[in-house]
Each structure stands twice: as C-alpha cells, then as structure tokens.
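Asker: Let me begin by handing over the structure; questions about it come next.
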Amino acid sequence: MAQVLVNIRMDEDLKKSMEHTCQSLGMNMTTAFTIFAKKMSREQRIPFEVSVDPFYSGANMAAIAEAARQVERGQVVEKTLEELEALDI
C-alpha cells in the first residue's frame with residue numbers, strides 16, 4: 001500500500017508531551033496517529049468522548065471577568081486562611 005506524508009501543526013509543548021507518552025508506550029507519534037486513524041475509520045467516529053470543558057462556560061467566564069473588574073477597582077477583601085477559618089461560616 002502506498003504511503004503519503006501528512007503534516008500536522010501543534011503546540012511545541014504538546015508535541016513533546018505526546019512524544020514522551022508514545023515513547024513510554026513503546027511507539028512513535030506516527031504509530032499513534034495511525035492507530036487513531038484506523039480506529040476512527042473502522043468505527044466511523046472519533047474514538048473517544050469530545051466535550052467542552054465546563055470551566056469555559058459563558059456564565060463562568062462572565063463571573064471571572066466580573067471578579068477581575070472588582071480587583072481592578074480595589075473592591076476586594078484580603079484575609080489569611082486562618083482568618084477565613086476563624087469566621088466559621
């Protein structure tokens with residue numbers, strides 16, 4: 001079977017992490033991508049769950065933005081862990 005070259009762009013740190021993981025599994029990235037491609041082709045689906053991280057929901061991002069605005073306006077209260085624990089709320 002003829003082989004073709006496939007170029008993939010990814011973050012450098014992600015590539016290093018994947019190479020390390022592949023090495024730990026006794027394979028290289030080409031083998032890992034080939035396994036993925038064969039499984040995806042056979043099952044006609046992405047062979048793992050793909051979902052959105054709930055951390056990045058609209059409501060959570062709005063709450064983070066509001067907290068940042070409060071910090072910028074100086075509307076924060078600073079307490080140590082001991083002070084917070086003493087509140088006994």
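How things are named: the first chain in the structure tokens is A, the next is B, and so on; residues count from 1 in each chain; ligands count from 1 in the order shown.
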Can you tell me, as a ChimeraX atom specification, which residues in chain A count as helix (DSSP H, G or I) by DSSP?
Answerer: /A:12-24,29-43,54-56,58-72,81-87
Asker: If we count only C-alpha atoms, what is near region 36-50 of chain A at a cut-off of 12 Å, once residues fewer than 6 positions away on the same chain are taken out, given as a PyMOL selection string?
Answerer: chain A and resi 6+29-30
Asker: To one decimal place, how far is CA of Ala68 (chain A) from CA of Ala86 (chain A) in Å?
Answerer: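 Computing it gives 26.2 Å between the two atoms.
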Asker: In Å, rounded to a single decimal, give me how far CA of Ala32 (chain A) is from CA of Gln3 (chain A).
Answerer: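 Straight-line distance from CA of Gln3 (chain A) to CA of Ala32 (chain A) works out to 15.8 Å.
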